[in-house]
file target-v9.txt (compact mmCIF, C-alpha atoms and all ligand atoms)
# COMPACT_ATOMS: atom_id res chain seq x y z
CA MET A 1 82.34 102.99 95.16
CA LYS A 2 84.68 100.19 93.90
CA ASN A 3 82.89 100.21 90.54
CA TYR A 4 85.03 103.25 89.63
CA ILE A 5 87.87 100.78 89.04
CA GLU A 6 85.94 98.82 86.39
CA ILE A 7 84.59 101.96 84.71
CA ASN A 8 87.99 103.66 84.54
CA ARG A 9 89.82 100.48 83.50
CA ASN A 10 87.40 100.02 80.62
CA THR A 11 87.94 103.62 79.49
CA TRP A 12 91.73 103.32 79.70
CA ASN A 13 91.65 100.01 77.83
CA ASN A 14 89.69 101.73 75.03
CA LYS A 15 92.20 104.56 74.86
CA VAL A 16 95.36 102.49 74.50
CA ALA A 17 95.25 101.63 70.76
CA VAL A 18 94.24 105.22 69.90
CA HIS A 19 97.04 106.65 72.06
CA VAL A 20 99.69 104.35 70.57
CA ASP A 21 98.74 105.60 67.07
CA SER A 22 98.36 109.28 68.03
CA ASN A 23 100.59 112.25 67.16
CA PHE A 24 100.33 113.18 70.82
CA TYR A 25 102.26 110.10 72.00
CA ASP A 26 104.40 110.02 68.79
CA ASN A 27 105.34 106.40 69.35
CA GLU A 28 107.42 106.32 66.17
CA SER A 29 109.92 108.83 67.56
CA PHE A 30 109.87 107.04 70.91
CA ILE A 31 110.72 103.72 69.21
CA LYS A 32 113.59 105.45 67.39
CA GLY A 33 115.04 106.51 70.74
CA LYS A 34 113.39 109.81 71.73
CA SER A 35 112.90 110.21 75.49
CA THR A 36 109.35 111.08 76.55
CA LEU A 37 110.46 112.65 79.84
CA ASN A 38 110.34 116.42 80.39
CA ASN A 39 112.90 118.70 82.06
CA ILE A 40 110.47 119.24 84.96
CA GLU A 41 110.78 115.63 86.15
CA LEU A 42 114.30 114.98 84.80
CA GLU A 43 115.70 117.70 87.06
CA LEU A 44 114.13 116.07 90.12
CA LEU A 45 115.10 112.53 89.12
CA GLY A 46 118.80 113.30 88.68
CA ASN A 47 121.08 110.49 87.55
CA VAL A 48 118.98 107.29 87.52
CA LYS A 49 121.69 104.94 86.23
CA ASP A 50 121.56 101.66 88.19
CA LYS A 51 118.72 102.99 90.37
CA SER A 52 115.65 100.83 91.01
CA ILE A 53 112.46 102.73 90.13
CA LEU A 54 108.79 101.96 90.70
CA HIS A 55 106.71 103.85 88.12
CA LEU A 56 103.09 104.22 89.23
CA GLN A 57 100.36 104.49 86.57
CA CYS A 58 102.79 103.95 83.69
CA HIS A 59 100.17 103.75 80.87
CA PHE A 60 101.78 101.89 77.90
CA GLY A 61 105.24 102.48 79.28
CA GLN A 62 106.89 105.24 77.24
CA ASP A 63 108.23 107.05 80.33
CA THR A 64 109.06 103.73 82.00
CA MET A 65 111.17 102.67 79.02
CA SER A 66 112.72 106.15 78.73
CA LEU A 67 113.98 105.59 82.30
CA ALA A 68 115.19 102.10 81.37
CA ARG A 69 117.16 103.61 78.48
CA MET A 70 118.85 105.89 81.02
CA GLY A 71 120.14 102.79 82.83
CA ALA A 72 117.50 102.39 85.57
CA GLN A 73 115.89 99.10 86.62
CA VAL A 74 112.23 100.07 86.29
CA THR A 75 108.97 98.39 87.21
CA GLY A 76 105.82 100.01 85.83
CA ILE A 77 102.37 99.38 87.23
CA ASP A 78 99.02 100.23 85.69
CA LEU A 79 95.36 99.28 86.01
CA SER A 80 94.83 98.78 82.27
CA ASP A 81 95.65 95.28 81.03
CA LYS A 82 95.78 96.58 77.45
CA ALA A 83 98.29 99.28 78.43
CA ILE A 84 100.47 96.76 80.27
CA ALA A 85 100.31 94.30 77.33
CA LYS A 86 101.44 97.08 74.97
CA ALA A 87 104.24 98.12 77.34
CA GLN A 88 105.49 94.52 77.52
CA GLU A 89 105.37 94.22 73.73
CA LEU A 90 107.35 97.46 73.25
CA ASN A 91 109.85 96.45 75.92
CA LEU A 92 110.52 93.21 74.03
CA GLN A 93 110.67 94.96 70.67
CA LEU A 94 113.20 97.50 72.00
CA GLY A 95 115.28 94.92 73.87
CA LEU A 96 114.89 96.72 77.20
CA ASN A 97 114.64 95.23 80.69
CA SER A 98 111.67 97.13 82.18
CA GLN A 99 109.09 95.06 84.04
CA TYR A 100 105.35 95.48 84.40
CA ILE A 101 102.58 94.66 86.84
CA CYS A 102 98.89 95.06 86.05
CA CYS A 103 97.06 96.17 89.19
CA ASP A 104 95.20 98.94 91.00
CA VAL A 105 97.84 101.29 92.42
CA TYR A 106 96.35 100.73 95.88
CA GLU A 107 97.22 97.01 95.57
CA THR A 108 100.84 97.50 94.48
CA ARG A 109 102.31 96.01 97.66
CA GLN A 110 100.34 92.81 97.13
CA HIS A 111 102.24 92.31 93.85
CA THR A 112 105.82 93.18 94.83
CA ASN A 113 107.82 93.16 98.05
CA GLU A 114 110.80 94.93 96.44
CA LEU A 115 111.89 98.26 97.97
CA PHE A 116 112.94 100.91 95.46
CA ASP A 117 115.43 103.82 95.33
CA ILE A 118 112.85 105.97 93.55
CA VAL A 119 109.07 105.97 93.15
CA PHE A 120 107.99 108.03 90.15
CA SER A 121 104.59 109.15 88.86
CA SER A 122 103.57 111.87 86.43
CA TYR A 123 100.82 113.80 84.63
CA GLY A 124 97.26 112.58 84.87
CA THR A 125 97.57 110.11 87.73
CA ILE A 126 96.07 110.99 91.14
CA GLY A 127 92.81 112.25 89.65
CA TRP A 128 91.92 108.57 89.17
CA LEU A 129 92.27 107.85 92.90
CA PRO A 130 89.70 108.75 95.55
CA ASP A 131 91.95 108.61 98.63
CA LEU A 132 95.49 109.99 98.63
CA ASP A 133 96.31 108.62 102.08
CA ILE A 134 96.26 105.07 100.65
CA TRP A 135 98.32 106.26 97.64
CA ALA A 136 100.95 107.91 99.86
CA LYS A 137 101.18 104.80 102.05
CA VAL A 138 101.89 102.68 98.95
CA ILE A 139 104.67 105.13 98.00
CA SER A 140 106.16 105.15 101.48
CA ASP A 141 105.93 101.34 101.82
CA SER A 142 107.67 100.95 98.41
CA LEU A 143 110.71 103.11 99.20
CA LYS A 144 114.01 102.15 100.78
CA PRO A 145 115.00 104.39 103.72
CA ASN A 146 116.30 107.65 102.19
CA GLY A 147 114.62 106.76 98.87
CA ILE A 148 112.85 109.53 96.94
CA PHE A 149 109.42 110.07 95.45
CA VAL A 150 109.42 112.21 92.29
CA PHE A 151 106.06 113.52 91.18
CA ALA A 152 104.97 115.88 88.39
CA GLU A 153 101.25 116.46 87.97
CA PHE A 154 98.67 118.77 86.44
CA HIS A 155 97.68 121.44 88.93
CA PRO A 156 94.26 121.04 90.62
CA VAL A 157 93.38 124.57 89.43
CA VAL A 158 93.34 123.27 85.83
CA TRP A 159 90.65 120.71 86.72
CA MET A 160 88.34 123.39 88.14
CA PHE A 161 87.41 124.64 84.67
CA ASP A 162 85.03 123.42 81.98
CA ASN A 163 86.73 121.84 78.92
CA ASP A 164 87.04 125.19 77.15
CA PHE A 165 88.41 127.02 80.20
CA LYS A 166 85.60 129.56 80.06
CA GLU A 167 84.15 129.10 83.54
CA VAL A 168 84.88 127.56 86.91
CA PHE A 169 82.88 124.35 87.06
CA TYR A 170 84.30 122.17 89.82
CA SER A 171 85.65 122.77 93.30
CA TYR A 172 89.38 123.13 93.87
CA PHE A 173 88.83 120.84 96.84
CA ASN A 174 88.01 117.14 96.86
CA THR A 175 84.33 117.60 97.59
CA GLU A 176 82.76 115.08 95.20
CA GLU A 177 83.42 112.32 92.71
CA ILE A 178 83.37 113.76 89.22
CA ILE A 179 81.48 111.58 86.74
CA GLU A 180 81.94 112.50 83.08
CA GLU A 181 81.19 111.00 79.69
CA GLU A 182 82.95 112.30 76.62
CA GLN A 183 83.76 111.38 73.05
CA GLY A 184 87.36 110.93 71.96
CA THR A 185 90.41 111.37 74.13
CA TYR A 186 92.89 114.13 74.93
CA ALA A 187 95.39 112.55 72.52
CA ASP A 188 92.86 112.46 69.66
CA ARG A 189 89.64 114.42 70.13
CA ASN A 190 88.02 112.86 67.04
CA ALA A 191 88.72 109.25 68.00
CA ASN A 192 85.66 107.04 67.85
CA ILE A 193 85.61 106.10 71.52
CA GLU A 194 83.24 106.96 74.31
CA ALA A 195 84.86 107.49 77.64
CA LYS A 196 83.03 107.36 80.94
CA THR A 197 85.30 108.40 83.79
CA ILE A 198 85.09 108.78 87.56
CA THR A 199 87.73 111.13 88.96
CA TRP A 200 88.55 113.31 91.95
CA ASN A 201 90.24 116.70 92.23
CA HIS A 202 92.99 116.82 94.86
CA SER A 203 94.05 120.10 96.44
CA LEU A 204 97.74 120.69 97.08
CA THR A 205 97.08 120.48 100.82
CA GLU A 206 95.72 116.97 100.34
CA VAL A 207 98.74 115.90 98.26
CA LEU A 208 101.37 117.35 100.59
CA ASN A 209 99.70 116.23 103.82
CA SER A 210 99.19 112.67 102.56
CA LEU A 211 102.93 112.39 101.88
CA ILE A 212 103.97 114.08 105.14
CA ASN A 213 101.59 111.92 107.18
CA ASN A 214 103.11 108.80 105.63
CA GLY A 215 106.69 109.50 106.62
CA LEU A 216 107.96 111.54 103.66
CA THR A 217 109.76 114.87 103.85
CA ILE A 218 109.03 117.35 101.06
CA GLU A 219 112.41 118.56 99.77
CA ILE A 220 111.44 120.44 96.61
CA PHE A 221 108.11 121.85 95.46
CA ASN A 222 107.52 123.84 92.23
CA GLU A 223 104.53 125.28 90.37
CA TYR A 224 104.58 126.05 86.63
CA ASP A 225 102.48 128.46 84.57
CA TYR A 226 102.56 126.13 81.56
CA SER A 227 102.03 122.48 80.65
CA PRO A 228 104.60 120.45 78.71
CA TYR A 229 101.65 118.71 76.99
CA THR A 230 99.03 120.06 74.62
CA CYS A 231 96.25 117.92 76.06
CA PHE A 232 93.72 120.71 76.72
CA ASN A 233 91.33 122.67 74.50
CA ASN A 234 92.13 126.21 73.52
CA VAL A 235 95.92 126.09 74.03
CA GLU A 236 98.80 128.03 72.51
CA GLU A 237 102.45 126.98 72.38
CA PHE A 238 104.25 130.11 73.59
CA GLU A 239 107.66 128.38 73.60
CA THR A 240 108.66 124.99 72.24
CA ASN A 241 106.78 122.31 74.23
CA LYS A 242 105.31 124.87 76.65
CA PHE A 243 101.54 125.24 76.41
CA ARG A 244 99.11 127.69 78.03
CA ILE A 245 95.37 128.26 77.80
CA LYS A 246 94.87 131.11 75.31
CA ASN A 247 92.39 133.16 77.31
CA LEU A 248 94.20 132.64 80.63
CA GLY A 249 97.84 133.11 79.62
CA ASN A 250 100.19 132.90 82.59
CA LYS A 251 97.45 133.68 85.15
CA ILE A 252 96.95 130.12 86.39
CA PRO A 253 99.28 127.36 87.58
CA MET A 254 99.11 124.38 85.21
CA VAL A 255 101.59 121.88 86.63
CA TYR A 256 103.38 121.23 89.91
CA SER A 257 106.26 118.98 90.79
CA LEU A 258 107.83 117.74 93.98
CA ARG A 259 110.53 115.57 95.42
CA ALA A 260 109.95 113.93 98.80
CA ARG A 261 112.30 111.70 100.78
CA LYS A 262 111.48 108.73 102.98
CA LYS A 263 112.87 109.14 106.49
C1 LIG B 1 97.35 109.76 81.80
S1 LIG B 1 98.06 108.18 82.17
C2 LIG B 1 99.44 108.69 83.13
C3 LIG B 1 100.77 108.31 82.55
C4 LIG B 1 101.47 109.25 81.63
N1 LIG B 1 101.34 110.63 82.00
C5 LIG B 1 101.05 109.03 80.21
O1 LIG B 1 100.27 109.84 79.68
O2 LIG B 1 101.49 108.06 79.59
C6 LIG B 1 96.97 107.57 83.46
C7 LIG B 1 97.15 106.06 83.71
O3 LIG B 1 96.61 105.77 85.02
C8 LIG B 1 96.08 104.47 84.97
N2 LIG B 1 95.18 104.28 86.11
C9 LIG B 1 93.97 104.84 86.32
N3 LIG B 1 93.47 104.44 87.52
C10 LIG B 1 94.39 103.60 88.07
C11 LIG B 1 94.46 102.85 89.28
N4 LIG B 1 93.46 102.90 90.18
N5 LIG B 1 95.56 102.10 89.51
C12 LIG B 1 96.57 102.03 88.60
N6 LIG B 1 96.56 102.72 87.42
C13 LIG B 1 95.49 103.50 87.16
C14 LIG B 1 95.41 104.39 83.61
O4 LIG B 1 95.20 103.05 83.20
C15 LIG B 1 96.40 105.17 82.72
O5 LIG B 1 97.27 104.30 82.05

call {"tool": "encode", "arguments": {"input": "target-v9.txt", "output": "structure tokens", "more": "lines below"}}
Ligand SMILES: C[S@@+](CC[C@H](N)C(=O)[O-])C[C@H]1O[C@@H](n2cnc3c(N)ncnc32)[C@H](O)[C@@H]1O
result
Amino acid sequence: MKNYIEINRNTWNNKVAVHVDSNFYDNESFIKGKSTLNNIELELLGNVKDKSILHLQCHFGQDTMSLARMGAQVTGIDLSDKAIAKAQELNLQLGLNSQYICCDVYETRQHTNELFDIVFSSYGTIGWLPDLDIWAKVISDSLKPNGIFVFAEFHPVVWMFDNDFKEVFYSYFNTEEIIEEEQGTYADRNANIEAKTITWNHSLTEVLNSLINNGLTIEIFNEYDYSPYTCFNNVEEFETNKFRIKNLGNKIPMVYSLRARKK
């Protein structure tokens, strides 16, 4: 089962250069100062000035550095060595003080013994992890007492469909590992990369129970009938930066968010 780590790391390493150059990630605007964070997570994060933040699965660090620009002391972790190298390069270029660790999220506590005010993770993260109990324990073990976990993620209902959202393909529940091979990437469908991935769908019950069972209290939970990202096929932008699947409209949840507090 551990070979999922090598397969997924390889795929994420291949994506990094394409993502950095993509319109989707619009790194030029980010470099000029644009924040990559959305209202959904900003509302839950509140004022992060002088807060210590652990950012799980930070990719090449745009959100991490957006938090650093808001005055937070942020540490990003990610499995992809290419993503972490790019994040460190951007951090230097922009004169910021974010820090990075390259590791499997499950091994975070072997790389830092710092306790944080906030643990943050967003959009396209837990699907890469087979077991949310281990994930939630890492979050709990990383927080100071009374610290908060802020999470915004694509809704498991979205992952039930085929790529064109025409039919239900996969279970809502975590019944199997999902092995896929595709060309390109969500940030550039025509990119010349082949991506083999091993992922898991996680029901909301699984997410909430993993956090509750690891000593966190859910304070806020929201579901949204749109995505702030246009990373799916067949989408329409019905308001600025709000995307829905054309044939499904507002009938399905696309994103959820939560804030949980460590007791
Ligand atoms: C879609 S990105 C999420 C971040 C953010 N939404 C973004 O798009 O920049 C997913 C990230 O999870 C990382 N990842 C996948 N499996 C991981 C694991 N087991 N441990 C740590 N990071 C992992 C990937 O390397 C990738 O950078």

call {"tool": "residues_around", "arguments": {"input": "target-v9.txt", "residues": "A:His202", "least_positions_apart": "4", "cutoff": "9 Å", "atoms": "all atoms listed in the file", "output": "list in words"}}
result
Ile126, Gly127, Pro130, Leu132, His155, Pro156, Tyr172, Phe173, Asn174, Glu206 and Val207 of chain A

call {"tool": "residues_near_ligand", "arguments": {"input": "target-v9.txt", "ligand": "ligand LIG 1 (chain B)", "cutoff": "6 Å", "atoms": "all atoms listed in the file", "output": "list of chain:residue names"}}
result
A:Arg9, A:Trp12, A:Gln57, A:Cys58, A:His59, A:Asp78, A:Leu79, A:Ser80, A:Cys103, A:Asp104, A:Val105, A:Ser122, A:Tyr123, A:Gly124, A:Thr125, A:Trp128, A:Leu129

call {"tool": "residues_around", "arguments": {"input": "target-v9.txt", "residues": "A:Lys242", "least_positions_apart": "6", "cutoff": "9 Å", "atoms": "only C-alpha atoms", "output": "list in words"}}
result
Tyr226, Ser227, Pro228, Tyr229, Thr230 and Glu236 of chain A

call {"tool": "atom_distance", "arguments": {"input": "target-v9.txt", "atom1": "atom CA of A:Val158", "atom2": "atom CA of A:Leu211"}}
result
21.6 Å

call {"tool": "closest_residue", "arguments": {"input": "target-v9.txt", "among": "A:Leu90, A:Lys82, A:Leu44, A:Asp162", "to": "A:Phe149", "atoms": "all atoms listed in the file"}}
result
A:Leu44

call {"tool": "closest_residue", "arguments": {"input": "target-v9.txt", "among": "A:Glu107, A:Asp141, A:Glu153, A:Glu114", "to": "A:Ile53", "atoms": "all atoms listed in the file"}}
result
A:Glu114

call {"tool": "closest_residue", "arguments": {"input": "target-v9.txt", "among": "A:His111, A:Lys262, A:Arg189, A:Lys34", "to": "A:His19", "atoms": "only C-alpha atoms"}}
result
A:Arg189

call {"tool": "residues_around", "arguments": {"input": "target-v9.txt", "residues": "A:Asn213", "least_positions_apart": "3", "cutoff": "10 Å", "atoms": "all atoms listed in the file", "output": "list in words"}}
result
Asp133, Ala136, Lys137, Ser140, Leu208, Asn209, Ser210, Leu216 and Thr217 of chain A

call {"tool": "atom_distance", "arguments": {"input": "target-v9.txt", "atom1": "atom CA of A:Asn214", "atom2": "atom CA of A:Ile139"}}
result
8.6 Å

call {"tool": "closest_residue", "arguments": {"input": "target-v9.txt", "among": "A:Asn233, A:Asn13, A:Asn47, A:Asn91", "to": "A:Tyr186", "atoms": "all atoms listed in the file"}}
result
A:Asn233

call {"tool": "closest_residue", "arguments": {"input": "target-v9.txt", "among": "A:Asn234, A:Ser35, A:Ser52, A:Asn222", "to": "A:Arg259", "atoms": "only C-alpha atoms"}}
result
A:Asn222

call {"tool": "closest_residue", "arguments": {"input": "target-v9.txt", "among": "A:Lys251, A:Asn10, A:Tyr106, A:Gln62", "to": "A:Glu89", "atoms": "only C-alpha atoms"}}
result
A:Gln62
